[in-house]
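Pasted below: work_17.tsv, TSV, C-alpha atoms and all ligand atoms.
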```tsv
chain	number	residue	atom	x	y	z
A	7	MET	CA	0.00	0.00	0.00
A	8	ASP	CA	2.85	2.38	0.83
A	9	GLU	CA	4.29	1.63	-2.59
A	10	VAL	CA	1.10	2.75	-4.36
A	11	SER	CA	0.76	5.78	-2.07
A	12	GLY	CA	4.36	6.71	-2.87
A	13	ARG	CA	3.70	6.52	-6.60
A	14	ILE	CA	0.63	8.75	-6.15
A	15	ALA	CA	2.66	11.26	-4.13
A	16	ARG	CA	5.46	11.38	-6.72
A	17	ALA	CA	2.96	11.85	-9.57
A	18	ALA	CA	1.30	14.67	-7.62
A	19	ALA	CA	4.67	16.31	-7.00
A	20	ARG	CA	5.51	16.17	-10.73
A	21	ALA	CA	2.30	18.09	-11.42
A	22	GLY	CA	2.92	20.58	-8.62
A	23	ARG	CA	-0.03	19.24	-6.65
A	24	ASP	CA	-0.42	18.51	-2.95
A	25	PRO	CA	-0.37	14.69	-2.56
A	26	ARG	CA	-3.10	15.04	0.04
A	27	SER	CA	-5.44	16.26	-2.69
A	28	VAL	CA	-5.53	12.73	-4.12
A	29	VAL	CA	-7.55	10.02	-2.37
A	30	LEU	CA	-6.67	6.37	-2.92
A	31	VAL	CA	-9.89	4.40	-3.33
A	32	ALA	CA	-9.00	0.73	-2.84
A	33	VAL	CA	-11.17	-1.34	-5.14
A	34	ALA	CA	-12.48	-4.28	-3.19
A	35	LYS	CA	-13.70	-6.29	-6.18
A	36	THR	CA	-13.69	-10.00	-5.23
A	37	VAL	CA	-11.32	-9.25	-2.34
A	38	ALA	CA	-12.07	-11.17	0.85
A	39	ALA	CA	-13.35	-9.14	3.77
A	40	ALA	CA	-10.36	-10.17	5.87
A	41	ALA	CA	-7.98	-8.61	3.36
A	42	LEU	CA	-10.01	-5.40	3.40
A	43	ARG	CA	-9.91	-5.30	7.16
A	44	GLU	CA	-6.13	-5.63	6.97
A	45	ALA	CA	-5.94	-2.82	4.43
A	46	VAL	CA	-8.00	-0.56	6.68
A	47	ALA	CA	-5.70	-1.44	9.58
A	48	CYS	CA	-2.79	-0.30	7.39
A	49	GLY	CA	-4.45	3.08	7.04
A	50	LEU	CA	-6.67	2.81	3.95
A	51	THR	CA	-9.64	5.10	4.40
A	52	ASP	CA	-11.67	4.60	1.22
A	53	LEU	CA	-13.04	1.39	-0.30
A	54	GLY	CA	-14.56	1.07	-3.77
A	55	GLU	CA	-17.20	-1.51	-4.65
A	56	ASN	CA	-18.63	-2.34	-8.05
A	57	ARG	CA	-21.55	-4.51	-6.92
A	58	VAL	CA	-24.19	-3.59	-4.38
A	59	GLN	CA	-24.52	-7.14	-3.13
A	60	GLU	CA	-20.79	-7.58	-2.53
A	61	ALA	CA	-20.75	-4.21	-0.83
A	62	GLU	CA	-23.47	-5.39	1.56
A	63	THR	CA	-21.23	-8.30	2.55
A	64	HIS	CA	-18.18	-6.08	3.02
A	65	VAL	CA	-20.06	-3.39	4.93
A	66	GLY	CA	-21.60	-6.10	7.10
A	67	ALA	CA	-18.17	-7.57	7.87
A	68	LEU	CA	-16.22	-4.36	8.44
A	69	GLY	CA	-18.93	-2.00	9.65
A	70	ARG	CA	-20.48	1.03	8.02
A	71	THR	CA	-18.01	3.46	9.58
A	72	ALA	CA	-14.82	1.43	9.04
A	73	ALA	CA	-14.15	3.31	5.81
A	74	ARG	CA	-15.75	5.65	3.31
A	75	TRP	CA	-17.63	3.40	0.88
A	76	HIS	CA	-17.60	4.25	-2.81
A	77	MET	CA	-19.89	2.78	-5.46
A	78	ILE	CA	-17.67	2.76	-8.55
A	79	GLY	CA	-19.47	0.30	-10.82
A	80	HIS	CA	-22.49	0.65	-13.04
A	81	LEU	CA	-25.55	1.01	-10.83
A	82	GLN	CA	-28.81	-0.59	-11.92
A	83	ARG	CA	-31.89	1.41	-11.07
A	84	ASN	CA	-33.43	-1.43	-9.07
A	85	LYS	CA	-30.38	-1.39	-6.77
A	86	ALA	CA	-30.30	2.37	-6.40
A	87	SER	CA	-32.39	2.57	-3.23
A	88	ARG	CA	-30.09	0.21	-1.38
A	89	ALA	CA	-27.04	1.97	-2.79
A	90	ALA	CA	-28.29	5.31	-1.52
A	91	GLU	CA	-28.22	3.87	2.01
A	92	LEU	CA	-24.93	1.99	1.76
A	93	PHE	CA	-22.53	4.39	0.11
A	94	ASP	CA	-20.80	7.66	0.91
A	95	LEU	CA	-20.18	8.53	-2.75
A	96	ILE	CA	-21.72	7.20	-5.97
A	97	HIS	CA	-19.26	7.61	-8.85
A	98	GLY	CA	-21.27	6.38	-11.83
A	99	VAL	CA	-24.44	8.44	-12.23
A	100	ASP	CA	-25.14	8.49	-15.96
A	101	SER	CA	-28.87	9.05	-16.36
A	102	ALA	CA	-31.55	11.38	-15.04
A	103	ALA	CA	-33.71	8.39	-14.11
A	104	LEU	CA	-31.01	6.89	-11.89
A	105	ALA	CA	-30.27	10.29	-10.33
A	106	GLU	CA	-33.94	10.75	-9.47
A	107	VAL	CA	-34.23	7.40	-7.69
A	108	LEU	CA	-31.06	8.11	-5.69
A	109	SER	CA	-32.26	11.59	-4.80
A	110	ARG	CA	-35.69	10.45	-3.68
A	111	ARG	CA	-34.22	7.79	-1.44
A	112	ALA	CA	-31.55	10.02	0.06
A	113	ALA	CA	-34.01	12.84	0.66
A	114	ALA	CA	-36.40	10.42	2.40
A	115	ALA	CA	-33.52	9.48	4.72
A	116	GLY	CA	-32.77	13.14	5.36
A	117	ARG	CA	-29.46	12.94	3.49
A	118	ARG	CA	-27.77	14.68	0.63
A	119	LEU	CA	-25.92	11.93	-1.15
A	120	PRO	CA	-22.64	12.91	-2.84
A	121	VAL	CA	-22.50	11.79	-6.48
A	122	LEU	CA	-20.31	12.12	-9.56
A	123	ILE	CA	-21.53	12.04	-13.15
A	124	GLU	CA	-19.84	9.37	-15.28
A	125	VAL	CA	-18.71	10.60	-18.67
A	126	ASN	CA	-17.72	8.32	-21.51
A	127	VAL	CA	-14.78	10.33	-22.83
A	128	SER	CA	-13.45	7.58	-25.07
A	129	GLY	CA	-16.70	7.18	-26.99
A	130	GLU	CA	-16.65	3.39	-26.82
A	131	ALA	CA	-20.11	2.01	-27.44
A	132	SER	CA	-19.64	-0.81	-24.95
A	133	LYS	CA	-19.13	1.44	-21.97
A	134	PHE	CA	-21.39	3.26	-19.56
A	135	GLY	CA	-21.38	6.95	-18.97
A	136	VAL	CA	-22.98	9.93	-20.62
A	137	ALA	CA	-21.54	11.18	-23.92
A	138	PRO	CA	-19.70	14.51	-23.56
A	139	ASP	CA	-22.31	16.09	-25.87
A	140	SER	CA	-25.11	15.10	-23.52
A	141	LEU	CA	-23.40	16.21	-20.33
A	142	ASP	CA	-24.98	19.66	-20.00
A	143	PRO	CA	-28.64	18.60	-19.63
A	144	LEU	CA	-27.70	15.89	-17.12
A	145	LEU	CA	-25.58	18.36	-15.14
A	146	GLU	CA	-28.49	20.76	-14.73
A	147	ASN	CA	-30.77	17.92	-13.83
A	148	VAL	CA	-28.55	16.34	-11.18
A	149	ALA	CA	-27.51	19.68	-9.71
A	150	GLY	CA	-31.19	20.50	-9.17
A	151	LEU	CA	-32.11	17.37	-7.22
A	152	PRO	CA	-32.67	17.96	-3.50
A	153	GLY	CA	-31.27	14.61	-2.30
A	154	LEU	CA	-27.99	14.75	-4.21
A	155	ALA	CA	-24.78	16.75	-3.86
A	156	LEU	CA	-23.04	16.84	-7.23
A	157	ASP	CA	-19.31	16.88	-6.49
A	158	GLY	CA	-17.66	16.26	-9.86
A	159	LEU	CA	-17.09	13.88	-12.75
A	160	MET	CA	-15.83	10.34	-13.22
A	161	THR	CA	-14.60	8.30	-16.15
A	162	VAL	CA	-13.50	4.77	-16.87
A	163	GLY	CA	-10.86	5.13	-19.54
A	164	ALA	CA	-10.67	2.80	-22.51
A	165	PRO	CA	-8.19	-0.02	-21.91
A	166	VAL	CA	-4.84	1.22	-23.19
A	167	GLY	CA	-1.57	-0.49	-23.94
A	168	ARG	CA	0.51	2.25	-22.42
A	169	ALA	CA	-0.54	4.49	-19.54
A	170	GLU	CA	0.48	7.51	-21.56
A	171	ASP	CA	-2.29	6.70	-24.08
A	172	ALA	CA	-4.87	7.40	-21.37
A	173	ARG	CA	-3.67	10.98	-20.88
A	174	SER	CA	-5.85	12.68	-23.49
A	175	GLY	CA	-9.04	11.11	-22.07
A	176	PHE	CA	-8.15	12.27	-18.55
A	177	ALA	CA	-7.35	15.76	-19.80
A	178	ARG	CA	-10.68	15.76	-21.61
A	179	LEU	CA	-12.54	14.95	-18.38
A	180	ARG	CA	-10.77	17.80	-16.61
A	181	THR	CA	-11.70	20.21	-19.40
A	182	LEU	CA	-15.32	19.06	-19.23
A	183	ARG	CA	-15.27	19.58	-15.47
A	184	ASP	CA	-13.85	23.10	-15.84
A	185	ARG	CA	-16.60	23.94	-18.32
A	186	ALA	CA	-19.29	22.38	-16.12
A	187	GLU	CA	-18.17	24.59	-13.23
A	188	LYS	CA	-18.82	27.63	-15.40
A	189	THR	CA	-22.20	26.27	-16.53
A	190	LEU	CA	-23.33	25.66	-12.95
A	191	GLY	CA	-21.51	28.62	-11.44
A	192	ARG	CA	-20.03	26.60	-8.60
A	193	PRO	CA	-17.05	24.34	-7.95
A	194	LEU	CA	-17.05	20.64	-8.85
A	195	PRO	CA	-13.93	19.59	-6.95
A	196	GLU	CA	-13.80	15.84	-7.62
A	197	LEU	CA	-12.30	14.06	-10.63
A	198	SER	CA	-12.47	10.26	-10.33
A	199	MET	CA	-10.12	8.80	-12.92
A	200	GLY	CA	-7.21	6.39	-13.13
A	201	MET	CA	-6.88	2.68	-12.30
A	202	SER	CA	-3.92	0.36	-11.64
A	203	GLY	CA	-2.46	0.72	-15.13
A	204	ASP	CA	-2.67	4.49	-15.49
A	205	PHE	CA	-3.26	6.21	-12.14
A	206	GLU	CA	-0.03	8.20	-12.21
A	207	VAL	CA	-1.02	9.81	-15.51
A	208	ALA	CA	-4.48	10.49	-14.05
A	209	VAL	CA	-2.94	12.22	-11.03
A	210	GLU	CA	-0.77	14.34	-13.32
A	211	GLU	CA	-3.97	15.35	-15.13
A	212	GLY	CA	-5.80	16.33	-11.95
A	213	ALA	CA	-7.44	13.20	-10.49
A	214	THR	CA	-8.66	13.64	-6.91
A	215	LEU	CA	-9.90	10.04	-6.59
A	216	VAL	CA	-7.94	7.14	-8.08
A	217	ARG	CA	-9.62	3.72	-8.08
A	218	ILE	CA	-7.02	1.01	-7.61
A	219	GLY	CA	-7.56	-2.74	-7.31
A	220	THR	CA	-4.91	-4.96	-8.87
A	221	ALA	CA	-1.90	-2.83	-7.91
A	222	LEU	CA	-2.94	-3.12	-4.25
A	223	PHE	CA	-4.45	-6.56	-3.93
A	224	GLY	CA	-2.93	-8.51	-6.83
A	225	GLY	CA	-5.03	-10.32	-9.43
A	226	ARG	CA	-8.74	-11.07	-9.13
A	227	ASN	CA	-10.05	-13.91	-6.97
A	228	VAL	CA	-7.11	-13.83	-4.65
A	229	GLN	CA	-7.73	-14.33	-0.98
A	230	GLY	CA	-4.50	-12.65	-0.06
A	231	GLY	CA	-4.37	-9.03	0.86
A	232	THR	CA	-2.22	-6.00	0.53
A	233	THR	CA	0.66	-5.42	2.86
A	234	CYS	CA	1.17	-2.13	4.60
A	235	SER	CA	4.51	-1.65	2.90
B	1	LIG	C1	-12.16	-2.80	-11.26
B	1	LIG	C2	-12.29	-1.35	-11.37
B	1	LIG	C3	-11.23	-0.50	-11.01
B	1	LIG	C4	-9.87	-1.00	-10.54
B	1	LIG	O1	-9.23	-1.65	-11.56
B	1	LIG	P1	-7.68	-2.14	-11.39
B	1	LIG	O2	-7.19	-2.15	-12.77
B	1	LIG	O3	-7.77	-3.48	-10.76
B	1	LIG	O4	-7.01	-1.16	-10.55
B	1	LIG	C5	-11.43	0.87	-11.10
B	1	LIG	N1	-12.60	1.39	-11.53
B	1	LIG	C6	-13.64	0.61	-11.89
B	1	LIG	C7	-14.90	1.25	-12.35
B	1	LIG	C8	-13.52	-0.78	-11.83
B	1	LIG	O5	-14.56	-1.54	-12.20
```

In structure tokens, write the structure found in this file.
Ligand SMILES: *Cc1c(COP(=O)(O)O)cnc(C)c1O
Amino acid sequence: MDEVSGRIARAAARAGRDPRSVVLVAVAKTVAAAALREAVACGLTDLGENRVQEAETHVGALGRTAARWHMIGHLQRNKASRAAELFDLIHGVDSAALAEVLSRRAAAAGRRLPVLIEVNVSGEASKFGVAPDSLDPLLENVAGLPGLALDGLMTVGAPVGRAEDARSGFARLRTLRDRAEKTLGRPLPELSMGMSGDFEVAVEEGATLVRIGTALFGGRNVQGGTTCS
């Protein structure tokens, strides 16, 4: 874990950024609860889940307040109510319909749920996220919902051979964020971008949340965990 944190800090320094402005979200995909507990004991503060059901198991095992819980995967509308209760931040809001369900549920619980809008910057048909051209209407919509706090944008980059190839997509997300701030007339501080293969480039381009699984926990379906060092 310290190795990944060190790489984040060095990337931040290269870009003249404060390393503390970047949060490491450890992606708990198929990682056993025991390994997550170990990671939290090492000082990890933020855990990312891509399935509501798996998140229920992890939250049940570690406790709701053991970490900040992030929903990073695609969220189906029929799971949105549960997600609104489980998570501290929803990264992948990409439709008005989903935003409305989340807002209604959070408002009923007396909460304002922090969310990010997912943008498909690479234009791949197979991926989720709103097209850059359709961002403006969704922005206005989400920003106007009483149960949500819109904090920024998120993207899942296209798989790239070299990390450097991801740079233009990350820069694009930052540009879209800067424009969205002008449209809404208020700050949107969070940029969720970068995974194991390209998080340093993402940090150089302004990421505030990097979502890292493999580089911390090893390959999928491993029972082993991360080590503090
Ligand atoms: C799995 C996943 C990650 C982490 O991927 P790694 O390459 O294992 O770091 C990040 N973001 C999303 C949306 C994911 O589904």

Show me which residues line ligand LIG 1 (chain B), defined as having an atom within 10 Å of a ligand atom where all atoms listed in the file count, and present them as number ranges by chain. A: 31-36, 54-57, 77-80, 97-98, 124, 134, 160-163, 165, 198-205, 216-226

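From CA of Leu145 (chain A) back to CA of Ala172 (chain A), the distance works out to 24.2 Å.
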
Across A:Ala105, A:Met7, A:Ile96, A:Leu190, the smallest distance to Leu50 (chain A), with only C-alpha atoms counted, is shown by A:Met7

Looking at A:His64, A:Arg26, A:Arg192, A:Arg16, which one is nearest to Arg43 (chain A), with distances taken over all atoms listed in the file?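 So, comparing all the options, the nearest one is A:His64.
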
Contacts of Arg23 (chain A) at 9 Å or less, counting all atoms listed in the file, minus same-chain residues fewer than 4 places along, as a list in words?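 Near neighbours after the sequence-gap exclusion: Ala15, Ala17, Ala18, Ala19, Ser27, Val28, Val209, Glu210 and Gly212 of chain A.
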
Could you write out that same residue set with C-alpha atoms as a short mmCIF file (atom, residue, chain, number, x, y, z; two decimals), in the coordinates of the input?
```cif
data_model
loop_
_atom_site.label_atom_id
_atom_site.label_comp_id
_atom_site.auth_asym_id
_atom_site.auth_seq_id
_atom_site.Cartn_x
_atom_site.Cartn_y
_atom_site.Cartn_z
CA ALA A 15 2.66 11.26 -4.13
CA ALA A 17 2.96 11.85 -9.57
CA ALA A 18 1.30 14.67 -7.62
CA ALA A 19 4.67 16.31 -7.00
CA SER A 27 -5.44 16.26 -2.69
CA VAL A 28 -5.53 12.73 -4.12
CA VAL A 209 -2.94 12.22 -11.03
CA GLU A 210 -0.77 14.34 -13.32
CA GLY A 212 -5.80 16.33 -11.95
#
```

Residue rebuild result region 64-75 of chain A, all heavy atoms as an mmCIF file, keeping the file's coordinate frame:
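Below is the file that was written, selection-v7.cif:
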```
data_model
loop_
_atom_site.group_PDB
_atom_site.id
_atom_site.type_symbol
_atom_site.label_atom_id
_atom_site.label_comp_id
_atom_site.auth_asym_id
_atom_site.auth_seq_id
_atom_site.Cartn_x
_atom_site.Cartn_y
_atom_site.Cartn_z
ATOM 1 N N HIS A 64 -19.358 -6.756 2.467
ATOM 2 C CA HIS A 64 -18.180 -6.080 3.020
ATOM 3 C C HIS A 64 -18.564 -5.095 4.128
ATOM 4 O O HIS A 64 -17.901 -5.040 5.172
ATOM 5 C CB HIS A 64 -17.428 -5.352 1.901
ATOM 6 C CG HIS A 64 -16.700 -6.283 0.978
ATOM 7 N ND1 HIS A 64 -16.305 -5.917 -0.292
ATOM 8 C CD2 HIS A 64 -16.283 -7.573 1.133
ATOM 9 C CE1 HIS A 64 -15.677 -6.941 -0.869
ATOM 10 N NE2 HIS A 64 -15.660 -7.944 -0.025
ATOM 11 N N VAL A 65 -19.627 -4.346 3.913
ATOM 12 C CA VAL A 65 -20.060 -3.390 4.930
ATOM 13 C C VAL A 65 -20.498 -4.148 6.191
ATOM 14 O O VAL A 65 -20.187 -3.748 7.318
ATOM 15 C CB VAL A 65 -21.214 -2.485 4.409
ATOM 16 C CG1 VAL A 65 -21.815 -1.651 5.538
ATOM 17 C CG2 VAL A 65 -20.711 -1.561 3.299
ATOM 18 N N GLY A 66 -21.175 -5.277 5.971
ATOM 19 C CA GLY A 66 -21.600 -6.100 7.100
ATOM 20 C C GLY A 66 -20.406 -6.607 7.906
ATOM 21 O O GLY A 66 -20.426 -6.638 9.138
ATOM 22 N N ALA A 67 -19.336 -6.991 7.197
ATOM 23 C CA ALA A 67 -18.170 -7.570 7.870
ATOM 24 C C ALA A 67 -17.309 -6.519 8.551
ATOM 25 O O ALA A 67 -16.778 -6.748 9.641
ATOM 26 C CB ALA A 67 -17.333 -8.360 6.858
ATOM 27 N N LEU A 68 -17.137 -5.370 7.898
ATOM 28 C CA LEU A 68 -16.220 -4.360 8.440
ATOM 29 C C LEU A 68 -16.915 -3.294 9.266
ATOM 30 O O LEU A 68 -16.299 -2.660 10.113
ATOM 31 C CB LEU A 68 -15.450 -3.663 7.299
ATOM 32 C CG LEU A 68 -14.175 -4.362 6.842
ATOM 33 C CD1 LEU A 68 -14.490 -5.557 5.970
ATOM 34 C CD2 LEU A 68 -13.285 -3.392 6.071
ATOM 35 N N GLY A 69 -18.196 -3.062 8.965
ATOM 36 C CA GLY A 69 -18.930 -2.000 9.650
ATOM 37 C C GLY A 69 -19.040 -0.769 8.770
ATOM 38 O O GLY A 69 -18.114 -0.450 8.015
ATOM 39 N N ARG A 70 -20.168 -0.105 8.889
ATOM 40 C CA ARG A 70 -20.480 1.030 8.020
ATOM 41 C C ARG A 70 -19.454 2.155 8.150
ATOM 42 O O ARG A 70 -19.164 2.856 7.192
ATOM 43 C CB ARG A 70 -21.895 1.528 8.359
ATOM 44 C CG ARG A 70 -22.401 2.693 7.564
ATOM 45 C CD ARG A 70 -22.615 2.297 6.111
ATOM 46 N NE ARG A 70 -22.995 3.459 5.311
ATOM 47 C CZ ARG A 70 -22.153 4.399 4.945
ATOM 48 N NH1 ARG A 70 -20.884 4.355 5.320
ATOM 49 N NH2 ARG A 70 -22.561 5.421 4.214
ATOM 50 N N THR A 71 -18.894 2.327 9.345
ATOM 51 C CA THR A 71 -18.010 3.460 9.580
ATOM 52 C C THR A 71 -16.520 3.094 9.532
ATOM 53 O O THR A 71 -15.663 3.915 9.848
ATOM 54 C CB THR A 71 -18.307 4.119 10.948
ATOM 55 O OG1 THR A 71 -18.180 3.108 11.965
ATOM 56 C CG2 THR A 71 -19.719 4.678 10.992
ATOM 57 N N ALA A 72 -16.225 1.862 9.102
ATOM 58 C CA ALA A 72 -14.820 1.430 9.040
ATOM 59 C C ALA A 72 -14.060 2.190 7.952
ATOM 60 O O ALA A 72 -12.829 2.325 8.014
ATOM 61 C CB ALA A 72 -14.748 -0.071 8.776
ATOM 62 N N ALA A 73 -14.783 2.636 6.943
ATOM 63 C CA ALA A 73 -14.150 3.310 5.810
ATOM 64 C C ALA A 73 -15.213 4.190 5.149
ATOM 65 O O ALA A 73 -16.386 4.108 5.505
ATOM 66 C CB ALA A 73 -13.643 2.281 4.802
ATOM 67 N N ARG A 74 -14.770 5.005 4.198
ATOM 68 C CA ARG A 74 -15.750 5.650 3.310
ATOM 69 C C ARG A 74 -15.994 4.668 2.168
ATOM 70 O O ARG A 74 -15.036 4.174 1.562
ATOM 71 C CB ARG A 74 -15.222 6.982 2.774
ATOM 72 C CG ARG A 74 -15.420 8.137 3.741
ATOM 73 C CD ARG A 74 -15.113 9.460 3.073
ATOM 74 N NE ARG A 74 -13.717 9.517 2.670
ATOM 75 C CZ ARG A 74 -12.726 9.966 3.435
ATOM 76 N NH1 ARG A 74 -12.987 10.448 4.631
ATOM 77 N NH2 ARG A 74 -11.486 9.970 3.002
ATOM 78 N N TRP A 75 -17.268 4.407 1.886
ATOM 79 C CA TRP A 75 -17.630 3.400 0.880
ATOM 80 C C TRP A 75 -18.024 4.082 -0.418
ATOM 81 O O TRP A 75 -18.897 4.945 -0.433
ATOM 82 C CB TRP A 75 -18.771 2.530 1.414
ATOM 83 C CG TRP A 75 -18.396 1.768 2.644
ATOM 84 C CD1 TRP A 75 -18.534 2.203 3.947
ATOM 85 C CD2 TRP A 75 -17.791 0.471 2.718
ATOM 86 N NE1 TRP A 75 -18.053 1.238 4.811
ATOM 87 C CE2 TRP A 75 -17.597 0.171 4.091
ATOM 88 C CE3 TRP A 75 -17.398 -0.468 1.765
ATOM 89 C CZ2 TRP A 75 -17.022 -1.031 4.528
ATOM 90 C CZ3 TRP A 75 -16.840 -1.668 2.201
ATOM 91 C CH2 TRP A 75 -16.652 -1.938 3.566
#
```
